[in-house]
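S.K.: Structure file my_file.cif (mmCIF, C-alpha atoms and all ligand atoms) is given on the next line.
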```cif
data_work
loop_
_atom_site.label_atom_id
_atom_site.label_comp_id
_atom_site.auth_asym_id
_atom_site.auth_seq_id
_atom_site.Cartn_x
_atom_site.Cartn_y
_atom_site.Cartn_z
CA MET A 1 74.88 -41.87 79.42
CA THR A 2 78.17 -42.45 81.26
CA SER A 3 80.50 -39.46 81.19
CA LEU A 4 84.25 -39.99 80.74
CA PRO A 5 87.24 -37.80 81.66
CA PHE A 6 88.37 -35.35 78.98
CA PRO A 7 90.60 -35.73 76.96
CA PHE A 8 88.87 -39.08 76.55
CA PRO A 9 90.90 -42.22 77.52
CA VAL A 10 90.48 -43.66 74.02
CA VAL A 11 93.51 -45.99 74.08
CA ARG A 12 95.71 -46.70 77.11
CA TRP A 13 98.34 -49.17 78.28
CA GLN A 14 97.26 -50.94 81.46
CA GLN A 15 99.97 -52.95 83.20
CA ASP A 16 100.45 -55.62 80.51
CA HIS A 17 97.81 -55.00 77.83
CA VAL A 18 95.97 -52.43 75.71
CA VAL A 19 92.64 -51.00 76.87
CA LEU A 20 90.34 -49.04 74.60
CA ILE A 21 86.88 -47.52 74.65
CA ASP A 22 84.74 -49.93 72.63
CA GLN A 23 83.30 -47.52 70.06
CA THR A 24 81.09 -50.19 68.49
CA LEU A 25 78.89 -49.97 71.63
CA LEU A 26 78.46 -46.18 71.76
CA PRO A 27 76.23 -44.34 72.36
CA GLY A 28 74.27 -47.07 74.16
CA ARG A 29 77.03 -48.47 76.38
CA THR A 30 80.32 -47.03 77.61
CA GLU A 31 82.55 -50.07 77.98
CA PHE A 32 86.24 -50.78 77.65
CA ARG A 33 87.73 -53.55 75.53
CA HIS A 34 90.86 -55.26 76.90
CA CYS A 35 93.25 -56.52 74.21
CA ARG A 36 95.71 -59.07 75.58
CA THR A 37 96.83 -60.51 72.25
CA ILE A 38 97.80 -58.98 68.91
CA ASP A 39 94.92 -60.84 67.32
CA GLN A 40 92.45 -59.17 69.70
CA LEU A 41 93.96 -55.75 68.96
CA CYS A 42 93.87 -56.35 65.19
CA ARG A 43 90.20 -57.31 65.49
CA ALA A 44 89.49 -54.19 67.57
CA ILE A 45 90.94 -52.08 64.72
CA THR A 46 89.19 -53.89 61.85
CA GLU A 47 85.84 -53.94 63.73
CA LEU A 48 86.23 -50.18 64.47
CA ALA A 49 86.19 -50.62 68.25
CA VAL A 50 89.10 -48.19 67.92
CA ARG A 51 88.98 -46.03 64.81
CA GLY A 52 89.93 -42.63 63.48
CA ALA A 53 93.38 -42.14 61.97
CA PRO A 54 95.29 -40.74 65.00
CA ALA A 55 93.65 -43.22 67.45
CA ILE A 56 94.63 -46.12 65.18
CA GLY A 57 98.21 -44.79 65.27
CA VAL A 58 98.17 -44.66 69.09
CA ALA A 59 96.71 -48.20 69.24
CA ALA A 60 99.43 -49.46 66.88
CA GLY A 61 102.10 -47.92 69.11
CA TYR A 62 100.80 -49.77 72.16
CA GLY A 63 100.31 -52.85 69.98
CA MET A 64 104.07 -53.02 69.43
CA VAL A 65 104.58 -52.75 73.21
CA LEU A 66 102.14 -55.64 73.63
CA SER A 67 104.02 -57.64 71.01
CA TRP A 68 107.36 -57.29 72.81
CA SER A 69 105.81 -57.97 76.21
CA LEU A 70 104.22 -61.19 74.90
CA ALA A 71 107.52 -62.19 73.28
CA MET A 72 109.27 -61.72 76.64
CA ALA A 73 106.62 -63.81 78.41
CA ALA A 74 107.14 -66.60 75.88
CA ALA A 75 110.82 -66.65 76.98
CA GLY A 76 112.36 -67.42 73.61
CA ASP A 77 115.77 -66.26 72.35
CA GLN A 78 116.31 -62.66 71.13
CA GLU A 79 116.23 -63.74 67.49
CA GLY A 80 112.82 -65.41 67.95
CA MET A 81 111.51 -62.35 69.82
CA ARG A 82 112.52 -60.04 66.98
CA LYS A 83 110.86 -62.33 64.42
CA ARG A 84 107.65 -62.27 66.43
CA PHE A 85 107.85 -58.47 66.69
CA ALA A 86 108.20 -58.21 62.89
CA ALA A 87 105.29 -60.61 62.31
CA ASP A 88 103.04 -58.67 64.72
CA ARG A 89 103.98 -55.44 62.97
CA ARG A 90 102.87 -56.99 59.65
CA ALA A 91 99.58 -58.13 61.20
CA LEU A 92 98.83 -54.65 62.54
CA ALA A 93 99.80 -53.05 59.22
CA ALA A 94 97.31 -55.33 57.42
CA THR A 95 94.30 -54.14 59.46
CA ARG A 96 93.31 -50.98 57.59
CA PRO A 97 95.04 -49.52 54.52
CA THR A 98 93.97 -45.88 54.31
CA ALA A 99 94.90 -44.06 57.53
CA VAL A 100 98.61 -43.28 57.19
CA ASN A 101 98.95 -42.73 60.95
CA LEU A 102 98.95 -46.53 61.35
CA PHE A 103 102.08 -46.96 59.22
CA TRP A 104 103.66 -43.82 60.66
CA ALA A 105 103.32 -45.17 64.21
CA LEU A 106 104.54 -48.66 63.26
CA ASP A 107 107.60 -47.18 61.53
CA ARG A 108 108.33 -45.06 64.57
CA MET A 109 108.05 -48.01 66.98
CA ASP A 110 110.19 -50.16 64.70
CA ALA A 111 112.91 -47.50 64.53
CA ARG A 112 112.88 -47.24 68.34
CA ALA A 113 113.14 -51.01 68.74
CA HIS A 114 116.09 -51.19 66.33
CA ALA A 115 117.87 -48.37 68.17
CA LEU A 116 117.38 -50.21 71.47
CA TRP A 117 118.55 -53.55 70.04
CA THR A 118 121.58 -51.94 68.43
CA GLY A 119 122.37 -50.20 71.72
CA GLY A 120 122.52 -53.62 73.42
CA GLU A 121 119.48 -53.08 75.67
CA PRO A 122 118.28 -56.23 77.45
CA PRO A 123 114.64 -57.25 76.74
CA ALA A 124 113.29 -55.43 79.81
CA GLY A 125 115.05 -52.23 78.69
CA VAL A 126 113.58 -52.62 75.20
CA LEU A 127 110.12 -52.96 76.73
CA ALA A 128 110.59 -49.80 78.82
CA GLY A 129 111.86 -47.92 75.75
CA LEU A 130 108.95 -49.05 73.58
CA LEU A 131 106.42 -48.09 76.25
CA ALA A 132 108.01 -44.64 76.54
CA GLU A 133 107.77 -44.25 72.75
CA ALA A 134 104.09 -45.28 72.63
CA ASP A 135 103.33 -42.95 75.56
CA ALA A 136 105.09 -40.17 73.63
CA ILE A 137 102.95 -40.85 70.51
CA LEU A 138 99.83 -40.49 72.69
CA ALA A 139 101.03 -37.36 74.51
CA GLU A 140 102.19 -35.74 71.25
CA ASP A 141 98.85 -36.49 69.61
CA ILE A 142 96.96 -34.69 72.36
CA ALA A 143 99.42 -31.77 72.17
CA MET A 144 99.12 -31.62 68.34
CA CYS A 145 95.33 -31.63 68.57
CA ARG A 146 95.40 -28.82 71.12
CA GLY A 147 97.78 -26.92 68.82
CA MET A 148 95.58 -27.30 65.77
CA GLY A 149 92.57 -26.38 67.89
CA ARG A 150 94.21 -23.10 68.91
CA ALA A 151 95.09 -22.32 65.28
CA GLY A 152 91.72 -23.41 63.89
CA GLN A 153 89.47 -21.67 66.38
CA GLU A 154 90.73 -18.31 65.07
CA LEU A 155 88.78 -19.09 61.88
CA LEU A 156 85.47 -19.33 63.74
CA PRO A 157 83.51 -16.27 64.85
CA ASP A 158 81.63 -16.42 68.14
CA GLY A 159 78.22 -17.97 67.50
CA ALA A 160 79.35 -19.94 64.42
CA THR A 161 77.73 -23.19 63.31
CA VAL A 162 80.13 -25.87 62.08
CA LEU A 163 79.15 -28.84 59.92
CA THR A 164 81.33 -31.93 60.35
CA HIS A 165 81.35 -35.45 58.91
CA CYS A 166 82.09 -38.80 60.54
CA ASN A 167 83.89 -38.49 63.88
CA ALA A 168 87.09 -36.48 64.02
CA GLY A 169 86.72 -35.80 67.71
CA GLY A 170 88.34 -36.97 70.89
CA LEU A 171 87.23 -40.53 70.17
CA ALA A 172 89.15 -40.58 66.87
CA THR A 173 92.42 -39.41 68.43
CA GLY A 174 94.44 -39.60 71.62
CA GLY A 175 91.44 -37.93 73.29
CA TYR A 176 91.05 -34.30 72.16
CA GLY A 177 90.11 -34.36 68.49
CA THR A 178 91.08 -32.69 65.22
CA ALA A 179 88.01 -31.16 63.51
CA VAL A 180 85.97 -31.36 66.72
CA GLY A 181 89.07 -30.32 68.66
CA VAL A 182 88.78 -26.96 66.88
CA VAL A 183 85.30 -26.65 68.39
CA TYR A 184 86.63 -27.56 71.87
CA ALA A 185 89.39 -24.95 71.48
CA ALA A 186 86.85 -22.32 70.40
CA ARG A 187 84.86 -23.07 73.53
CA GLU A 188 88.05 -22.73 75.62
CA ALA A 189 88.49 -19.31 73.95
CA GLY A 190 85.05 -18.33 75.25
CA LYS A 191 83.09 -18.76 71.99
CA LYS A 192 79.69 -20.40 71.64
CA ILE A 193 79.82 -22.85 68.75
CA THR A 194 77.01 -25.10 67.49
CA VAL A 195 77.75 -28.30 65.57
CA PHE A 196 75.78 -29.99 62.81
CA ALA A 197 76.94 -33.62 62.65
CA ASP A 198 76.39 -35.66 59.48
CA GLU A 199 75.08 -39.05 60.61
CA THR A 200 77.64 -40.70 58.25
CA ARG A 201 76.36 -43.85 56.62
CA PRO A 202 76.85 -46.76 56.83
CA LEU A 203 78.28 -47.03 60.37
CA LEU A 204 76.95 -43.74 61.77
CA GLN A 205 80.15 -42.43 63.34
CA GLY A 206 78.65 -38.91 63.19
CA ALA A 207 75.35 -39.81 64.83
CA ARG A 208 76.74 -42.31 67.33
CA LEU A 209 80.14 -40.86 68.21
CA THR A 210 80.38 -37.14 67.35
CA ALA A 211 76.96 -36.48 68.84
CA TRP A 212 77.85 -38.61 71.89
CA GLU A 213 81.00 -36.71 72.72
CA LEU A 214 79.50 -33.27 72.05
CA VAL A 215 76.52 -34.02 74.29
CA ASP A 216 79.01 -35.30 76.88
CA GLN A 217 80.93 -32.02 76.59
CA GLY A 218 77.81 -29.85 76.69
CA ILE A 219 78.19 -28.46 73.17
CA PRO A 220 74.92 -28.05 71.18
CA VAL A 221 74.77 -30.64 68.40
CA THR A 222 72.19 -31.36 65.71
CA VAL A 223 72.42 -34.64 63.77
CA LEU A 224 71.37 -34.65 60.11
CA CYS A 225 71.37 -37.30 57.38
CA GLU A 226 74.24 -36.44 55.01
CA GLY A 227 71.64 -36.09 52.27
CA ALA A 228 70.34 -33.07 54.22
CA ALA A 229 73.69 -31.25 54.16
CA ALA A 230 72.91 -29.54 50.83
CA SER A 231 69.71 -28.11 52.23
CA ALA A 232 71.45 -26.95 55.43
CA LEU A 233 74.11 -25.18 53.36
CA ARG A 234 71.58 -23.62 50.99
CA ALA A 235 69.49 -22.42 53.94
CA GLY A 236 72.55 -20.57 55.26
CA LEU A 237 72.64 -22.61 58.48
CA ILE A 238 76.36 -23.42 58.19
CA ASP A 239 79.30 -21.01 58.62
CA ALA A 240 82.12 -23.51 58.06
CA VAL A 241 82.61 -27.18 57.25
CA ILE A 242 85.48 -28.87 59.13
CA THR A 243 86.43 -32.52 58.67
CA GLY A 244 89.35 -34.69 59.70
CA ALA A 245 91.56 -36.71 57.36
CA ASP A 246 92.94 -40.21 57.10
CA ARG A 247 95.74 -39.31 54.71
CA ILE A 248 96.77 -36.10 52.99
CA ALA A 249 98.91 -36.51 49.88
CA ALA A 250 101.78 -34.11 49.13
CA ASN A 251 99.60 -32.06 46.75
CA GLY A 252 96.81 -31.68 49.37
CA ASP A 253 94.36 -34.30 48.03
CA THR A 254 92.70 -35.68 51.16
CA ALA A 255 91.27 -39.10 51.97
CA ASN A 256 88.56 -39.04 54.64
CA LYS A 257 85.33 -40.89 55.45
CA ILE A 258 83.15 -41.65 52.43
CA GLY A 259 80.86 -38.68 51.86
CA THR A 260 83.51 -36.03 52.54
CA TYR A 261 84.11 -35.31 48.84
CA PRO A 262 80.44 -34.52 48.05
CA LEU A 263 80.38 -32.28 51.13
CA ALA A 264 83.36 -30.33 49.78
CA VAL A 265 81.59 -29.94 46.40
CA LEU A 266 78.49 -28.65 48.21
CA ALA A 267 80.49 -26.25 50.37
CA ARG A 268 82.11 -24.77 47.24
CA ARG A 269 78.71 -24.50 45.53
CA HIS A 270 77.37 -22.52 48.50
CA GLU A 271 80.56 -20.50 49.11
CA VAL A 272 81.07 -21.87 52.61
CA PRO A 273 84.71 -22.50 53.67
CA PHE A 274 85.73 -26.16 53.77
CA TYR A 275 88.60 -26.90 56.19
CA VAL A 276 90.52 -30.12 56.85
CA ALA A 277 92.01 -30.45 60.35
CA ALA A 278 94.88 -32.94 60.71
CA PRO A 279 98.21 -33.41 62.51
CA ALA A 280 101.58 -33.87 60.78
CA SER A 281 101.24 -37.65 61.29
CA THR A 282 98.38 -37.65 58.74
CA PHE A 283 100.40 -35.97 55.97
CA ASP A 284 102.01 -38.44 53.59
CA GLY A 285 104.86 -36.75 51.74
CA ALA A 286 105.65 -40.02 49.95
CA THR A 287 102.30 -40.05 48.10
CA THR A 288 102.19 -37.33 45.49
CA SER A 289 98.42 -37.17 44.89
CA GLY A 290 95.12 -38.72 45.91
CA ALA A 291 95.40 -41.26 43.09
CA GLY A 292 98.08 -43.03 45.15
CA ILE A 293 96.00 -43.35 48.33
CA PRO A 294 94.69 -46.91 48.94
CA ILE A 295 90.96 -46.86 49.71
CA GLU A 296 89.62 -49.50 52.06
CA LEU A 297 86.67 -51.49 50.72
CA ARG A 298 84.61 -52.88 53.59
CA ASP A 299 82.08 -55.67 53.88
CA PRO A 300 78.97 -54.94 51.75
CA ASP A 301 76.87 -56.28 54.64
CA GLU A 302 77.60 -53.03 56.52
CA VAL A 303 75.39 -51.37 53.87
CA ARG A 304 72.89 -54.22 53.48
CA ALA A 305 71.90 -54.51 57.15
CA TRP A 306 71.84 -52.56 60.40
CA CYS A 307 72.36 -54.44 63.69
CA GLY A 308 71.72 -57.67 61.85
CA VAL A 309 68.37 -56.50 60.39
CA PRO A 310 68.38 -56.42 56.57
CA SER A 311 67.74 -52.99 55.06
CA VAL A 312 68.32 -54.11 51.45
CA PRO A 313 66.48 -56.95 49.72
CA ALA A 314 68.32 -60.26 49.37
CA GLY A 315 69.87 -60.44 45.92
CA ALA A 316 70.85 -56.76 45.74
CA ASP A 317 74.58 -56.08 45.83
CA ALA A 318 76.19 -53.23 47.77
CA TRP A 319 79.39 -51.21 47.31
CA ASN A 320 81.10 -50.06 50.48
CA PRO A 321 84.23 -47.92 50.08
CA ALA A 322 85.12 -46.58 53.55
CA PHE A 323 86.81 -43.41 52.28
CA ASP A 324 86.85 -40.98 49.37
CA VAL A 325 89.40 -38.46 48.16
CA THR A 326 88.64 -34.74 48.11
CA PRO A 327 90.74 -32.88 45.51
CA PHE A 328 92.87 -30.13 47.04
CA GLU A 329 91.17 -27.45 44.90
CA LEU A 330 88.02 -27.85 47.02
CA ILE A 331 89.80 -27.41 50.35
CA THR A 332 89.93 -23.83 51.62
CA ALA A 333 92.79 -24.52 54.06
CA TYR A 334 94.36 -27.19 56.28
CA ILE A 335 94.32 -26.68 60.04
CA THR A 336 97.48 -28.19 61.56
CA GLU A 337 99.54 -27.87 64.73
CA HIS A 338 101.90 -25.76 62.59
CA GLY A 339 99.14 -23.30 61.81
CA VAL A 340 96.58 -22.88 59.02
CA VAL A 341 98.31 -23.80 55.75
CA ARG A 342 97.74 -24.41 52.05
CA PRO A 343 99.84 -26.41 49.58
CA PRO A 344 102.74 -26.42 48.92
CA PHE A 345 103.09 -27.67 52.48
CA PRO A 346 106.10 -26.84 54.68
CA PRO A 347 108.68 -29.64 55.20
CA GLU A 348 107.64 -30.16 58.85
CA LEU A 349 104.31 -31.50 57.53
CA LEU A 350 105.63 -33.67 54.72
CA GLY A 351 108.63 -35.13 56.50
CA THR A 352 106.88 -37.37 59.04
CA GLY A 353 103.93 -39.34 57.61
CA GLY A 354 104.15 -41.88 54.84
CA CYS A 355 104.92 -45.56 54.52
O1 LIG B 401 86.40 -45.57 59.42
P1 LIG B 401 86.79 -44.59 60.49
O2 LIG B 401 85.72 -44.38 61.51
O3 LIG B 401 88.13 -44.93 61.11
O4 LIG B 401 86.98 -43.22 59.71
C1 LIG B 401 87.44 -42.11 60.43
C2 LIG B 401 87.51 -40.87 59.62
O5 LIG B 401 87.31 -40.85 58.44
C3 LIG B 401 87.97 -39.64 60.35
O6 LIG B 401 87.38 -38.50 59.83
C4 LIG B 401 89.50 -39.53 60.19
O7 LIG B 401 90.14 -40.70 60.58
C5 LIG B 401 90.05 -38.38 60.97
S1 LIG B 401 89.97 -38.68 62.70
C6 LIG B 401 90.68 -37.38 63.51
#
```
Output the file's structure in the form of structure tokens.
Ligand code: MRU

M.R.:
Amino acid sequence: MTSLPFPFPVVRWQQDHVVLIDQTLLPGRTEFRHCRTIDQLCRAITELAVRGAPAIGVAAGYGMVLSWSLAMAAAGDQEGMRKRFAADRRALAATRPTAVNLFWALDRMDARAHALWTGGEPPAGVLAGLLAEADAILAEDIAMCRGMGRAGQELLPDGATVLTHCNAGGLATGGYGTAVGVVYAAREAGKKITVFADETRPLLQGARLTAWELVDQGIPVTVLCEGAAASALRAGLIDAVITGADRIAANGDTANKIGTYPLAVLARRHEVPFYVAAPASTFDGATTSGAGIPIELRDPDEVRAWCGVPSVPAGADAWNPAFDVTPFELITAYITEHGVVRPPFPPELLGTGGC
């Protein structure tokens, strides 16, 4: 297993293109995917080579840098370059509908571009400004994750065992992690924390990615099928459940990886606290409740086969929603860079996200 620097270099700008850790290959191979066109970057997002709400936002930021850099290389007029920028923005926005960080980052890059155009910046100045903005999105994400880690680790006693779902770790963010970032922060505070990682059907982000990064970081991790979570909770093996989020509506309803909602029901049944860890960029003040959150439906073949080998008989259909919505009543508290909060949320959380 190849170790990487920490915070993990999940998405980076390299000279003239976007480089990302190819998460479809983990845990078997640690390789980087180089995206030199918007089409390649869009495919990296839809194929989940880069995934996790904050990491998608960071990738979108650098995607808009790539768009402008390609427009400059094509040497058209300013009007044509702006049209191309708008078209690339639409292509990136069409990749995945649920994680609000994608739209948040695209809006932010668009606003920066308009400010630069209006200020009369030449194309090279626009490129420098866009790169600075994308770098800021990345740096702020790591800072927000460290902030929520510091706030969240206070909730965990030394020796606690945390159950998490999917991957809300360094790989899902700018490099540090939200739910798993809380575990890293607890370690930095000198606590010994053990993690139970739901394997997370159908694409196994928990087994492949959360377990990979925790092993890499030397934190004890036990993988379980999500069907085993009820038994782990009933056996008293779990002190807290912490998950990430793809979008949090104004009332606190939270979209996250499919299987999060049943976990919240189970945690309530067994009187174990259920926390959601997310930065301000994941809060969507424009969406009043979970009913307004678009849920991505993915290819049924992700359920019907694994690595090309059928696991379901031909002729059987499959349903593959990528996310579910956990009602706010089941969420004990939200761990954010602004502290541990409950709805109604403060304006600094509701003012930034949203489409
Ligand atoms: O389909 P994915 O792998 O992008 O889903 C990711 C999740 O559901 C994460 O829990 C969420 O994005 C939070 S990541 C900090």

S.K.: Could you pull out the residues sitting within 8 Å of ligand LIG 401 (chain B), using only C-alpha atoms and all ligand atoms, and write them as a PyMOL selection string?

M.R.: chain A and resi 48+50-56+99+165-170+172-173+177-179+203+205+243-246+255-258+277-278+322-323

S.K.: I'd like to know which of A:Ser311, A:Thr98, A:Thr288, A:Thr161 is closest to A:Asp239, using all atoms listed in the file.

M.R.: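 Closest to A:Asp239 of all the choices is A:Thr161.
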
S.K.: Nearest to A:Phe274 among A:Thr326, A:Gln153, A:Thr95, A:Asn101, with distances taken over only C-alpha atoms: which residue is it?

M.R.: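 Closest candidate: A:Thr326.
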
S.K.: So, with all atoms listed in the file as the atoms that count, which of A:Thr164, A:Arg247, A:Ser281, A:Lys192 lies closest to A:Leu224?

M.R.: A:Thr164

S.K.: Considering only C-alpha atoms, can you say which of A:Val195, A:Cys35, A:Val183, A:Ala280 comes closest to A:Pro347?

M.R.: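 For A:Pro347, the nearest of the candidates is A:Ala280.
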
S.K.: Counting all atoms listed in the file, which of A:Thr194, A:Ser231, A:Thr46, A:Thr254 gets nearest to A:Gly218?

M.R.: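 Of A:Thr194, A:Ser231, A:Thr46, A:Thr254, the one nearest A:Gly218, counting all atoms listed in the file, is A:Thr194.
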
S.K.: What is the distance, in Å and to one decimal place, between atom CA of A:Pro313 and atom CA of A:Arg201?

M.R.: 17.8 Å

S.K.: Given the choices A:Val180, A:Ala94, A:Ala113, A:Ala189, which gets closest to A:Met81 if the distance is worked out from only C-alpha atoms?

M.R.: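 Answer, going by the shortest atom-to-atom distance: A:Ala113.
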
S.K.: Rounded to one decimal in Å, what is the spacing between atom CA of A:Glu302 and atom CA of A:Trp319?

M.R.: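 Computing it gives 9.6 Å between the two atoms.
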
S.K.: Leaving out A:Ala316 and any residue of its chain fewer than 3 positions from it, which residues lie within 12 Å of it when counting only C-alpha atoms, given as a PDB file with C-alpha atoms, in the frame of the given file?

M.R.:
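For reference, out10.pdb as written:
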```
ATOM      1  CA  PRO A 300      78.970 -54.940  51.750  1.00  0.00           C
ATOM      2  CA  ASP A 301      76.870 -56.280  54.640  1.00  0.00           C
ATOM      3  CA  VAL A 303      75.390 -51.370  53.870  1.00  0.00           C
ATOM      4  CA  ARG A 304      72.890 -54.220  53.480  1.00  0.00           C
ATOM      5  CA  ALA A 305      71.900 -54.510  57.150  1.00  0.00           C
ATOM      6  CA  PRO A 310      68.380 -56.420  56.570  1.00  0.00           C
ATOM      7  CA  SER A 311      67.740 -52.990  55.060  1.00  0.00           C
ATOM      8  CA  VAL A 312      68.320 -54.110  51.450  1.00  0.00           C
ATOM      9  CA  PRO A 313      66.480 -56.950  49.720  1.00  0.00           C
ATOM     10  CA  TRP A 319      79.390 -51.210  47.310  1.00  0.00           C
TER      11      TRP A 319
END
```

S.K.: What does the structure give for the distance between atom CA of A:Leu204 and atom CA of A:Ala185, in Å to one decimal?

M.R.: 24.5 Å

S.K.: Write out as a Markdown table the residues of stretch 168-245 of chain A that have any atom within 6 Å of an atom of stretch 6-13 of chain A, one row each with the nearest atom pair and its distance in Å to one decimal, counting all atoms listed in the file, sorted by chain and then rising number.

M.R.:
```
| residue | atom | partner | partner_atom | distance |
| --- | --- | --- | --- | --- |
| A:Leu171 | CA | A:Val10 | CA | 5.9 |
| A:Gly175 | CA | A:Phe8 | CA | 4.3 |
| A:Tyr176 | CA | A:Pro7 | CA | 5.0 |
```

S.K.: Using all atoms listed in the file, which residues sit within 9 Å of A:Asp299 once same-chain residues fewer than 5 positions away are excluded, as a list in words?

M.R.: Ala318, Trp319, Asn320 and Pro321 of chain A

S.K.: Do you know which residues are at most 8 Å from A:Ile38 counting only C-alpha atoms, after dropping those on the same chain fewer than 5 positions away, and could you put them as a PyMOL selection string?

M.R.: chain A and resi 63+66-67+88+91-92

S.K.: Tell me which residues come within 12 Å of (94.9, -41.5, 43.2), as a PyMOL selection string, counting only C-alpha atoms in the file's coordinates.

M.R.: chain A and resi 98+247-255+287-295+324-327

S.K.: With N, CA, C and O atoms as the target, complete stretch 229-244 of chain A and hand it back as a short mmCIF file (atom, residue, chain, number, x, y, z; two decimals), in the frame of the given file.

M.R.:
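Saved as out.cif:
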```cif
data_model
loop_
_atom_site.label_atom_id
_atom_site.label_comp_id
_atom_site.auth_asym_id
_atom_site.auth_seq_id
_atom_site.Cartn_x
_atom_site.Cartn_y
_atom_site.Cartn_z
N ALA A 229 72.65 -32.28 54.05
CA ALA A 229 73.69 -31.25 54.16
C ALA A 229 73.50 -30.15 53.11
O ALA A 229 73.70 -28.96 53.40
N ALA A 230 73.10 -30.54 51.89
CA ALA A 230 72.91 -29.54 50.83
C ALA A 230 71.86 -28.52 51.25
O ALA A 230 72.04 -27.31 51.08
N SER A 231 70.78 -29.01 51.82
CA SER A 231 69.71 -28.11 52.23
C SER A 231 70.16 -27.21 53.38
O SER A 231 69.80 -26.02 53.43
N ALA A 232 70.95 -27.76 54.31
CA ALA A 232 71.45 -26.95 55.43
C ALA A 232 72.36 -25.84 54.91
O ALA A 232 72.28 -24.69 55.35
N LEU A 233 73.20 -26.19 53.93
CA LEU A 233 74.11 -25.18 53.36
C LEU A 233 73.31 -24.12 52.59
O LEU A 233 73.57 -22.93 52.71
N ARG A 234 72.35 -24.58 51.79
CA ARG A 234 71.58 -23.62 50.99
C ARG A 234 70.74 -22.70 51.89
O ARG A 234 70.54 -21.53 51.58
N ALA A 235 70.30 -23.24 53.02
CA ALA A 235 69.49 -22.42 53.94
C ALA A 235 70.35 -21.45 54.74
O ALA A 235 69.83 -20.68 55.55
N GLY A 236 71.67 -21.51 54.56
CA GLY A 236 72.55 -20.57 55.26
C GLY A 236 72.75 -20.93 56.73
O GLY A 236 73.11 -20.08 57.54
N LEU A 237 72.53 -22.21 57.07
CA LEU A 237 72.64 -22.61 58.48
C LEU A 237 74.10 -22.87 58.90
O LEU A 237 74.39 -23.00 60.08
N ILE A 238 74.99 -22.97 57.91
CA ILE A 238 76.36 -23.42 58.19
C ILE A 238 77.37 -22.31 57.88
O ILE A 238 77.37 -21.76 56.77
N ASP A 239 78.27 -22.03 58.85
CA ASP A 239 79.30 -21.01 58.62
C ASP A 239 80.60 -21.61 58.12
O ASP A 239 81.38 -20.95 57.44
N ALA A 240 80.88 -22.85 58.50
CA ALA A 240 82.12 -23.51 58.06
C ALA A 240 81.93 -25.01 58.13
O ALA A 240 81.21 -25.51 59.00
N VAL A 241 82.57 -25.72 57.18
CA VAL A 241 82.61 -27.18 57.25
C VAL A 241 84.03 -27.54 57.70
O VAL A 241 85.01 -27.01 57.15
N ILE A 242 84.15 -28.40 58.70
CA ILE A 242 85.48 -28.87 59.13
C ILE A 242 85.42 -30.39 59.24
O ILE A 242 84.55 -30.94 59.92
N THR A 243 86.34 -31.06 58.55
CA THR A 243 86.43 -32.52 58.67
C THR A 243 87.85 -32.90 59.10
O THR A 243 88.76 -32.07 59.06
N GLY A 244 88.02 -34.16 59.45
CA GLY A 244 89.35 -34.69 59.70
C GLY A 244 89.90 -35.27 58.41
O GLY A 244 89.38 -35.00 57.32
#
```
